[in-house]
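Structure first, then comments.
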Amino acid sequence: MHSRHSEWVLILDYGSQFTQLIARRLRELNIYCEIHPYNVDLTKVSSPTPGGIVLSGGPMSVNDEGAPHLQAEILDWEIPILGVCYGLQLLAHSEIPGSVEKAEKREYGRANLLIDNAGDLLKDIPTGSVVWMSHGDHIHELPDSYDIIGHTANAKVAAVRHKENDIYGVQFHPEVAHTDHGKQLIENFAYSICGLKGDWTPESFIDEQIASIREKVGNDKVLCGLSGGVDSTVVATLIHKAIGDQLQCVFVDNGLLRKNEFQSVMELYTRDLNLPVRGVDASSEFLSELKGISDPEEKRKVIGRVFIEIFDKEIGSDADFKYLAQGTLYPDVIESVSFKGPSATIKSHHNVGGLPEKMKLELIEPVRELFKDEVREVGRTLGIPEHFIGRHPFPGPGMGIRVLGEPTKERLDLLREADFIFIEELKKQGLYNEVWQALAVLLPVQSVGVMGDERTYEFTVALRAVTSVDGMTADWAHLPYEFLAHVSNRMINEIKGINRVVYDISSKPPATIEWE
Ligand SMILES: Nc1ncnc2c1ncn2[C@@H]1O[C@H](COP(=O)(O)OP(=O)(O)OP(=O)(O)O)[C@@H](O)[C@H]1O
Ligand SMILES: O=c1[nH]c(=O)c2[nH+]cn([C@@H]3O[C@H](COP(=O)(O)O)[C@@H](O)[C@H]3O)c2[nH]1
Ligand SMILES: NC(=O)CC[C@H](N)C(=O)O
Ligand SMILES: [Mg+2]
C-alpha cells in the first residue's frame with residue numbers, strides 16, 4: 001500500500017537504461033512520479049490524474065514486430081506528454097507508420113542542439129548546448145501536426161512540439177548528466193508546461209503517509225519487520241507516529257546478521273527510539289532451511305519464505321494483526337520485477353520477488369516508491385538519530401548471499417569476522433561515510449598460501465566498497481592502497497581459514513553491488 005501524491009507525473013517505461021534517471025530528475029524538482037511499464041493497465045494510473053506523462057527511451061525500433069506500443073487512450077487525457085528518444089519516435093510512428101527509419105549513422109554521444117524555436121520546452125536553454133544522443137533510428141517523416149523546434153548536425157528532428165496539444169518530443173536524452181541543460185528542459189516541461197508546483201517534500205510525504213496509514217489500518221494491528229537498517233527504522237517510526245501501540249515490531253536474528261549486530265541493534269532501538277520491538281532468535285530455522293542450497297535465487301526465495309513464516313508465528317492467534325509493514329524501497333521493486341516480464345528479473349529481493357505467493361498478512365510499504373537518499377531525508381525529518389540514518393544498507397538475506405555457495409554456520413562465521421574487520425577499519429580511518437556501501441564476500445575458492453613455513457589451503461575474501469547515490473548505479477570506491485593493505489593483513493593474520501583477500505573493481509552496471 002502507498003498513497004499517491006495528488007500532483008504527479010507518470011513515466012511509461014519502454015525499457016531504456018535511463019528510465020530511472022527521468023524519475024530522479026523529476027524528484028529533484030520536488031515532483032512525485034512513478035515508473036510503470038508501457039503496457040500498464042491504465043485504470044491503475046489514472047487516479048489522481050497525472051499532471052504529465054513522459055514516454056521513456058527504449059532499445060527496440062518502433063518498426064520491429066512486437067515493438068512496445070503507445071496506449072493511444074492517453075492522448076485523449078489531454079495531459080502534457082514528453083516523448084524521449086523511443087518515446088518521440090513512437091509519437092511520430094503512431095501518426096504515420098513507417099515514418100521512423102534506420103539512420104545511416106548510429107548516433108551515440110554528444111551533439112550540439114541548435115534551437116529553431118525555443119517556445120516553452122527549450123526556454124532558457126542556449127542554442128548550441130550539448131545534448132546526449134543514443135539512437136540508431138531517426139524520424140524520416142514528421143507528421144504535419146508537429147513543428148520542429150530543434151535540430152543537430154546529424155538529426156534534422158531533435159526536438160518537436162505538437163501544433164495544437166501539449167505534446168513534445170526530443171531525440172536526445174535530457175535525463176542524463178551529459179546533456180548540459182537537460183534539467184532545465186525537464187523543469188520547463190514539469191513546471192511551465194504541466195503547471196506542477198513542486199510541492200512534494202519530506203514533510204508533505206510524512207503527512208500524507210500518516211493519514212493514509214491511519215485510514216487503512218483503522219483499529220487493526222500492524223506487525224513490522226525491523227532490521228536495524230535505515231528503511232525499516234524509518235517505516236516503523238512513521239507507522240508508530242500514525243497508530244501508536246497498534247504497532248508491534250520484530251527484529252529477527254536469521255543467523256545471517258553481522259557480528260554482534262543483533263544485541264547492539266536491540267540496545268540502540270530501546271535506547272534511542274521509543275519503538276515496541278521484540279527480538280526473535282530464528283537462526284536455527286533459517287540455517288536448517290538453507291542446508292544444501294547454493295543457487296542465489298533459491299537462497300533468496302527460501303529466506304523470503306522463512307521470514308514470513310516467522311512473522312506468522314509471531315502473531316500467533318491474535319486475529320487483530322492484519323498487516324505486515326516492510327521497508328521495501330523502489331530499487332527493490334524495480335530490480336525484482338521487470339517490464340519485460342520475469343525473464344529479465346535481476347535478483348529477487350527477499351522482501352519483494354522472494355515473498356511467498358500466499359500470505360496471511362497484507363503488506364504496508366510506505367517507502368516503496370522512494371529511493372534510499374529520499375528515505376534518509378524522510379528519516380532526518382522524523383528526527384531519527386544520524387547513526388541509524390547513515391548506516392550502510394544491509395540486505396535482509398544478509399550474509400546468506402555473501403557466502404557464495406551453501407551458507408553453512410562455519411562459513412558464515414568466517415565471513416562475519418572478515419566483515420567486522422573491514423567495517424571497523426573503515427570507521428576507524430574515517431572512510432565509512434565516504435562510501436555508500438561496503439561488504440565482504442566469502443568466495444567458494446580455496447587457494448594455496450604459505451604461513452610460518454606451513455602450506456595453507458584456505459578461503460578467499462573479496463572486499464567490495466562502492467560509491468552511489470541510490471544504489472541503482474554504482475562505482476567501485478577508490479579506497480587507498482595503504483588502507484586495503486592494512487585490512488588484508490589483519491584478515492589473513494587474525495582469521496584462521498582465510499589466506500587471500502582481493503578487491504572488487506567492477507561498477508554497476510554491468511556488475512551489481514552484491515555478488516548474488
Ligand atoms: N532481520 C530482520 N528482521 C526483521 N525484518 C527484517 C530483517 N531484515 C530485513 N527485514 C525486513 O525486510 C525489509 C527490507 O530489508 P532491507 O535490508 O532492504 O531494508 P532495511 O534493512 O530496512 O534497510 P537497509 O537497506 O538500510 O538495510 C526491511 O525493511 C524489513 O522490513
Ligand atoms: O533488503 C534487501 N533485500 C534483498 O534481497 C537485497 N538484495 C540486494 N539488496 C541491496 O540492494 C542494493 C542494490 O543491490 P544489487 O546491486 O546487488 O542489486 C544494495 O544495497 C544491496 O545490499 C537487498 N536488500
Ligand atoms: N535511446 C533510445 O530510446 C533509442 C530508440 C531506438 N531504439 C533507436 O535506436 O533509435
Ligand atoms: Mg537491511
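Letters A, B, ... go to the chains of the C-alpha cells in the order shown; residues in each chain start at 1; ligands are counted from 1 in the same order.
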For this session: If you run DSSP over the backbone, which residues in segment 228-399 of chain A end up helix (DSSP H, G or I)? Put them as a ChimeraX atom specification.
Result: /A:230-246,261-272,283-289,296-315,330-336,342-344,372-381,386-389,398-399
Would you export the selected residues with C-alpha atoms as a PDB file, in the first residue's frame, please?
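Writing the result to result.pdb gives the following:
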ATOM      1  CA  VAL A 230      17.537   2.702   7.534  1.00  0.00           C
ATOM      2  CA  ASP A 231      14.412   1.745   5.633  1.00  0.00           C
ATOM      3  CA  SER A 232      12.634  -0.311   8.249  1.00  0.00           C
ATOM      4  CA  THR A 233      13.600   2.131  11.005  1.00  0.00           C
ATOM      5  CA  VAL A 234      12.008   4.960   9.039  1.00  0.00           C
ATOM      6  CA  VAL A 235       8.938   2.866   8.270  1.00  0.00           C
ATOM      7  CA  ALA A 236       8.465   1.788  11.896  1.00  0.00           C
ATOM      8  CA  THR A 237       8.836   5.368  13.146  1.00  0.00           C
ATOM      9  CA  LEU A 238       6.327   6.602  10.587  1.00  0.00           C
ATOM     10  CA  ILE A 239       3.790   3.922  11.471  1.00  0.00           C
ATOM     11  CA  HIS A 240       4.361   4.419  15.187  1.00  0.00           C
ATOM     12  CA  LYS A 241       3.540   8.101  14.718  1.00  0.00           C
ATOM     13  CA  ALA A 242       0.365   7.139  12.859  1.00  0.00           C
ATOM     14  CA  ILE A 243      -1.072   4.373  15.060  1.00  0.00           C
ATOM     15  CA  GLY A 244       0.966   4.272  18.285  1.00  0.00           C
ATOM     16  CA  ASP A 245       0.727   0.984  20.174  1.00  0.00           C
ATOM     17  CA  GLN A 246      -1.263  -0.760  17.445  1.00  0.00           C
ATOM     18  CA  GLU A 261      24.502  -6.983  15.216  1.00  0.00           C
ATOM     19  CA  PHE A 262      21.505  -8.459  16.995  1.00  0.00           C
ATOM     20  CA  GLN A 263      22.466  -7.356  20.537  1.00  0.00           C
ATOM     21  CA  SER A 264      23.766  -3.937  19.561  1.00  0.00           C
ATOM     22  CA  VAL A 265      20.791  -3.009  17.387  1.00  0.00           C
ATOM     23  CA  MET A 266      18.283  -4.158  20.018  1.00  0.00           C
ATOM     24  CA  GLU A 267      20.046  -1.937  22.535  1.00  0.00           C
ATOM     25  CA  LEU A 268      20.008   1.067  20.219  1.00  0.00           C
ATOM     26  CA  TYR A 269      16.306   0.654  19.479  1.00  0.00           C
ATOM     27  CA  THR A 270      15.480   0.692  23.169  1.00  0.00           C
ATOM     28  CA  ARG A 271      17.915   3.482  23.982  1.00  0.00           C
ATOM     29  CA  ASP A 272      17.220   5.933  21.130  1.00  0.00           C
ATOM     30  CA  SER A 283      18.792 -18.605  13.321  1.00  0.00           C
ATOM     31  CA  SER A 284      18.394 -22.358  13.511  1.00  0.00           C
ATOM     32  CA  GLU A 285      15.223 -22.277  11.367  1.00  0.00           C
ATOM     33  CA  PHE A 286      16.910 -20.235   8.653  1.00  0.00           C
ATOM     34  CA  LEU A 287      20.115 -22.258   8.626  1.00  0.00           C
ATOM     35  CA  SER A 288      18.369 -25.587   8.507  1.00  0.00           C
ATOM     36  CA  GLU A 289      16.145 -24.430   5.604  1.00  0.00           C
ATOM     37  CA  PRO A 296      21.432 -17.454  -5.331  1.00  0.00           C
ATOM     38  CA  GLU A 297      17.793 -17.119  -6.386  1.00  0.00           C
ATOM     39  CA  GLU A 298      16.824 -20.245  -4.470  1.00  0.00           C
ATOM     40  CA  LYS A 299      18.510 -18.908  -1.333  1.00  0.00           C
ATOM     41  CA  ARG A 300      16.661 -15.610  -1.666  1.00  0.00           C
ATOM     42  CA  LYS A 301      13.307 -17.354  -2.051  1.00  0.00           C
ATOM     43  CA  VAL A 302      13.921 -19.598   0.955  1.00  0.00           C
ATOM     44  CA  ILE A 303      14.915 -16.612   3.092  1.00  0.00           C
ATOM     45  CA  GLY A 304      11.860 -14.624   1.942  1.00  0.00           C
ATOM     46  CA  ARG A 305       9.584 -17.523   2.820  1.00  0.00           C
ATOM     47  CA  VAL A 306      11.101 -18.239   6.230  1.00  0.00           C
ATOM     48  CA  PHE A 307      10.844 -14.548   7.187  1.00  0.00           C
ATOM     49  CA  ILE A 308       7.112 -14.707   6.539  1.00  0.00           C
ATOM     50  CA  GLU A 309       6.775 -17.985   8.456  1.00  0.00           C
ATOM     51  CA  ILE A 310       8.494 -16.384  11.453  1.00  0.00           C
ATOM     52  CA  PHE A 311       6.266 -13.306  11.218  1.00  0.00           C
ATOM     53  CA  ASP A 312       3.180 -15.553  11.101  1.00  0.00           C
ATOM     54  CA  LYS A 313       4.419 -17.435  14.136  1.00  0.00           C
ATOM     55  CA  GLU A 314       4.944 -14.170  15.992  1.00  0.00           C
ATOM     56  CA  ILE A 315       1.349 -13.047  15.639  1.00  0.00           C
ATOM     57  CA  TYR A 330      11.920   1.485  -5.073  1.00  0.00           C
ATOM     58  CA  PRO A 331      15.118  -0.256  -6.228  1.00  0.00           C
ATOM     59  CA  ASP A 332      13.976  -3.496  -4.514  1.00  0.00           C
ATOM     60  CA  VAL A 333      10.836  -3.286  -6.627  1.00  0.00           C
ATOM     61  CA  ILE A 334      12.493  -2.222  -9.861  1.00  0.00           C
ATOM     62  CA  GLU A 335      15.102  -4.973  -9.690  1.00  0.00           C
ATOM     63  CA  SER A 336      12.662  -7.700  -8.708  1.00  0.00           C
ATOM     64  CA  PRO A 342      10.064 -12.264 -15.225  1.00  0.00           C
ATOM     65  CA  SER A 343      12.795 -13.307 -17.651  1.00  0.00           C
ATOM     66  CA  ALA A 344      14.689 -10.082 -17.039  1.00  0.00           C
ATOM     67  CA  LYS A 372      17.437   5.425  -0.493  1.00  0.00           C
ATOM     68  CA  ASP A 373      18.574   9.041  -0.307  1.00  0.00           C
ATOM     69  CA  GLU A 374      14.929  10.141  -0.142  1.00  0.00           C
ATOM     70  CA  VAL A 375      14.236   7.715   2.713  1.00  0.00           C
ATOM     71  CA  ARG A 376      17.218   9.194   4.565  1.00  0.00           C
ATOM     72  CA  GLU A 377      15.746  12.682   4.129  1.00  0.00           C
ATOM     73  CA  VAL A 378      12.402  11.487   5.486  1.00  0.00           C
ATOM     74  CA  GLY A 379      14.236   9.848   8.407  1.00  0.00           C
ATOM     75  CA  ARG A 380      16.074  13.051   9.255  1.00  0.00           C
ATOM     76  CA  THR A 381      12.824  14.994   9.093  1.00  0.00           C
ATOM     77  CA  GLU A 386      22.151  10.046  12.419  1.00  0.00           C
ATOM     78  CA  HIS A 387      23.746   6.725  13.434  1.00  0.00           C
ATOM     79  CA  PHE A 388      20.640   4.983  12.085  1.00  0.00           C
ATOM     80  CA  ILE A 389      20.289   7.207   9.025  1.00  0.00           C
ATOM     81  CA  GLY A 398      22.465 -10.689   4.759  1.00  0.00           C
ATOM     82  CA  MET A 399      25.496 -12.922   4.871  1.00  0.00           C
TER      83      MET A 399
END
Exercise. Mind listing the residues within 7 Å of ligand 2, only C-alpha atoms and all ligand atoms counted, as a count of residues only?
Worked result: 23
Exercise. Please, which residues have at least one atom within 9 Å of an atom of ligand 3, using only C-alpha atoms and all ligand atoms, listed as a ChimeraX atom specification?
Worked result: /A:14-18,56-62,84-89,100-103,106-107,133-139,171-173
Problem set entry | DSSP strand (DSSP E) residues within segment 448-507 of chain A, listed as a ChimeraX atom specification | /A:448-451,454-467,475-476,498-503
Based on the selection just made, write C-alpha atoms of those residues as a PDB file, in the first residue's frame.
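Now in out_7.pdb:
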ATOM      1  CA  VAL A 448      47.422 -22.225  -1.623  1.00  0.00           C
ATOM      2  CA  GLY A 449      49.359 -19.974   0.690  1.00  0.00           C
ATOM      3  CA  VAL A 450      52.290 -20.175   2.997  1.00  0.00           C
ATOM      4  CA  MET A 451      52.210 -19.105   6.626  1.00  0.00           C
ATOM      5  CA  GLU A 454      53.494 -24.135   6.556  1.00  0.00           C
ATOM      6  CA  ARG A 455      51.393 -24.695   3.470  1.00  0.00           C
ATOM      7  CA  THR A 456      47.835 -23.349   3.783  1.00  0.00           C
ATOM      8  CA  TYR A 457      44.878 -24.179   1.599  1.00  0.00           C
ATOM      9  CA  GLU A 458      42.161 -21.768   2.624  1.00  0.00           C
ATOM     10  CA  PHE A 459      39.357 -19.480   1.521  1.00  0.00           C
ATOM     11  CA  THR A 460      39.418 -16.122  -0.265  1.00  0.00           C
ATOM     12  CA  VAL A 461      37.589 -12.985   0.831  1.00  0.00           C
ATOM     13  CA  ALA A 462      36.561 -10.358  -1.714  1.00  0.00           C
ATOM     14  CA  LEU A 463      36.150  -6.820  -0.438  1.00  0.00           C
ATOM     15  CA  ARG A 464      33.564  -4.618  -2.087  1.00  0.00           C
ATOM     16  CA  ALA A 465      33.058  -0.901  -1.478  1.00  0.00           C
ATOM     17  CA  VAL A 466      31.003   1.333  -3.752  1.00  0.00           C
ATOM     18  CA  THR A 467      30.040   4.945  -4.206  1.00  0.00           C
ATOM     19  CA  ASP A 475      31.138   2.749  -8.950  1.00  0.00           C
ATOM     20  CA  TRP A 476      33.810   0.858  -7.029  1.00  0.00           C
ATOM     21  CA  ILE A 498      41.365 -17.099   5.147  1.00  0.00           C
ATOM     22  CA  ASN A 499      44.658 -16.773   3.330  1.00  0.00           C
ATOM     23  CA  ARG A 500      43.842 -14.428   0.453  1.00  0.00           C
ATOM     24  CA  VAL A 501      41.992 -11.097   0.076  1.00  0.00           C
ATOM     25  CA  VAL A 502      41.006  -9.475  -3.220  1.00  0.00           C
ATOM     26  CA  TYR A 503      39.330  -6.153  -4.047  1.00  0.00           C
TER      27      TYR A 503
END
Exercise. Residues at most 12 Å from Val40 of chain A, counting only C-alpha atoms, excluding those fewer than 5 positions away in the same chain, as a ChimeraX atom specification?
Worked result: /A:10-14,34-35,45-46,68-71,74,338-340
Export, as a short mmCIF file (atom, residue, chain, number, x, y, z; two decimals), in the first residue's frame, the selected residues with C-alpha atoms.
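Output file again.cif follows:
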data_model
loop_
_atom_site.label_atom_id
_atom_site.label_comp_id
_atom_site.auth_asym_id
_atom_site.auth_seq_id
_atom_site.Cartn_x
_atom_site.Cartn_y
_atom_site.Cartn_z
CA LEU A 10 3.53 9.18 -14.92
CA ILE A 11 6.62 7.74 -16.61
CA LEU A 12 5.87 5.00 -19.09
CA ASP A 13 8.86 2.69 -19.41
CA TYR A 14 9.87 1.40 -22.82
CA GLU A 34 6.07 6.77 -10.75
CA ILE A 35 7.52 4.49 -13.40
CA VAL A 45 -2.53 5.11 -13.12
CA SER A 46 -5.48 7.35 -13.80
CA PRO A 68 6.27 -1.79 -27.40
CA HIS A 69 3.37 0.39 -28.46
CA LEU A 70 1.67 3.56 -27.33
CA GLN A 71 -1.61 3.16 -25.46
CA ILE A 74 -3.51 8.59 -23.05
CA SER A 338 10.76 -6.04 -14.98
CA PHE A 339 8.78 -4.52 -17.77
CA LYS A 340 9.90 -7.34 -19.99
#
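Minimum atom-to-atom distance to Ile31 of chain A, evaluated using only C-alpha atoms, belongs to A:Trp8 out of A:Tyr168, A:Trp436, A:Tyr146, A:Trp8.
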For this session: Quick one: pull the distance between atom CA of Tyr323 of chain A and atom CA of Cys249 of chain A, Å, one decimal.
Result: 11.6 Å
Seminar exercise, completed: Between A:Asn30, A:Ser227, A:Gly128, A:Lys163, smallest distance to ligand 4 by only C-alpha atoms and all ligand atoms belongs to A:Ser227
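Each of A:Leu142, A:Cys194, A:Leu55, A:Ala72 was checked against Leu121 of chain A using only C-alpha atoms; the smallest atom-to-atom distance is that of A:Cys194.
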Problem set entry | Spatial neighbours of His151 of chain A, 7 Å, only C-alpha atoms, chain gap at least 4 places, as a ChimeraX atom specification | /A:113-115,155-159
Output the selection as a PDB file, in the first residue's frame - C-alpha atoms for each residue.
ATOM      1  CA  LEU A 113      21.378  21.301 -30.098  1.00  0.00           C
ATOM      2  CA  LEU A 114      20.527  24.128 -32.479  1.00  0.00           C
ATOM      3  CA  ILE A 115      17.299  25.765 -31.435  1.00  0.00           C
ATOM      4  CA  ALA A 155      19.447  14.920 -36.661  1.00  0.00           C
ATOM      5  CA  LYS A 156      17.060  17.064 -38.629  1.00  0.00           C
ATOM      6  CA  VAL A 157      14.469  16.323 -35.958  1.00  0.00           C
ATOM      7  CA  ALA A 158      15.948  16.693 -32.480  1.00  0.00           C
ATOM      8  CA  ALA A 159      13.042  18.395 -30.688  1.00  0.00           C
TER       9      ALA A 159
END
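Proximity ranking of A:Pro143, A:Gly316, A:Gly497, A:Gly51 relative to Lys360 of chain A places A:Gly316 first, based on only C-alpha atoms.
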For this session: Name all residues at most 12 Å from Glu410 of chain A (count only C-alpha atoms; drop same-chain ones fewer than 2 positions away) and give them as a ChimeraX atom specification.
Result: /A:255-256,287,399,403,406-408,412-417,442,459,496-497
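Shortest separation to ligand 4 among A:Glu95, A:Asn489, A:Asp199, A:Gly225 occurs at residue A:Gly225, atoms counted being only C-alpha atoms and all ligand atoms.
Minimum distance to Asp166 of chain A across A:Pro80, A:Ser145, A:Leu257, A:Gly229 (counting only C-alpha atoms) occurs at A:Pro80.
Counting only C-alpha atoms, Asp120 of chain A has the following residues at most 10 Å away, ignoring those fewer than 5 positions along the same chain: Arg161, Leu185, Asn188, Phe189, Ser192 and Ile193 of chain A.
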For the residues in the current selection, export N, CA and C atoms as a PDB file, in the first residue's frame.
ATOM      1  N   ARG A 161       7.364  19.975 -31.283  1.00  0.00           N
ATOM      2  CA  ARG A 161       6.196  20.372 -30.490  1.00  0.00           C
ATOM      3  C   ARG A 161       4.948  20.178 -31.342  1.00  0.00           C
ATOM      4  N   LEU A 185      15.331  21.543 -19.194  1.00  0.00           N
ATOM      5  CA  LEU A 185      14.273  21.086 -20.096  1.00  0.00           C
ATOM      6  C   LEU A 185      13.184  20.356 -19.303  1.00  0.00           C
ATOM      7  N   ASN A 188      11.254  22.841 -17.371  1.00  0.00           N
ATOM      8  CA  ASN A 188      10.309  23.558 -18.238  1.00  0.00           C
ATOM      9  C   ASN A 188       9.061  22.717 -18.487  1.00  0.00           C
ATOM     10  N   PHE A 189       9.304  21.427 -18.748  1.00  0.00           N
ATOM     11  CA  PHE A 189       8.170  20.548 -19.008  1.00  0.00           C
ATOM     12  C   PHE A 189       7.270  20.459 -17.770  1.00  0.00           C
ATOM     13  N   SER A 192       6.457  24.636 -16.245  1.00  0.00           N
ATOM     14  CA  SER A 192       5.742  25.557 -17.133  1.00  0.00           C
ATOM     15  C   SER A 192       4.641  24.849 -17.920  1.00  0.00           C
ATOM     16  N   ILE A 193       4.980  23.698 -18.495  1.00  0.00           N
ATOM     17  CA  ILE A 193       4.013  23.070 -19.395  1.00  0.00           C
ATOM     18  C   ILE A 193       2.947  22.302 -18.610  1.00  0.00           C
TER      19      ILE A 193
END
For this session: Measure the distance from atom CA of Asp147 of chain A to atom CA of Leu91 of chain A in Å and round it to one decimal.
Result: 12.9 Å
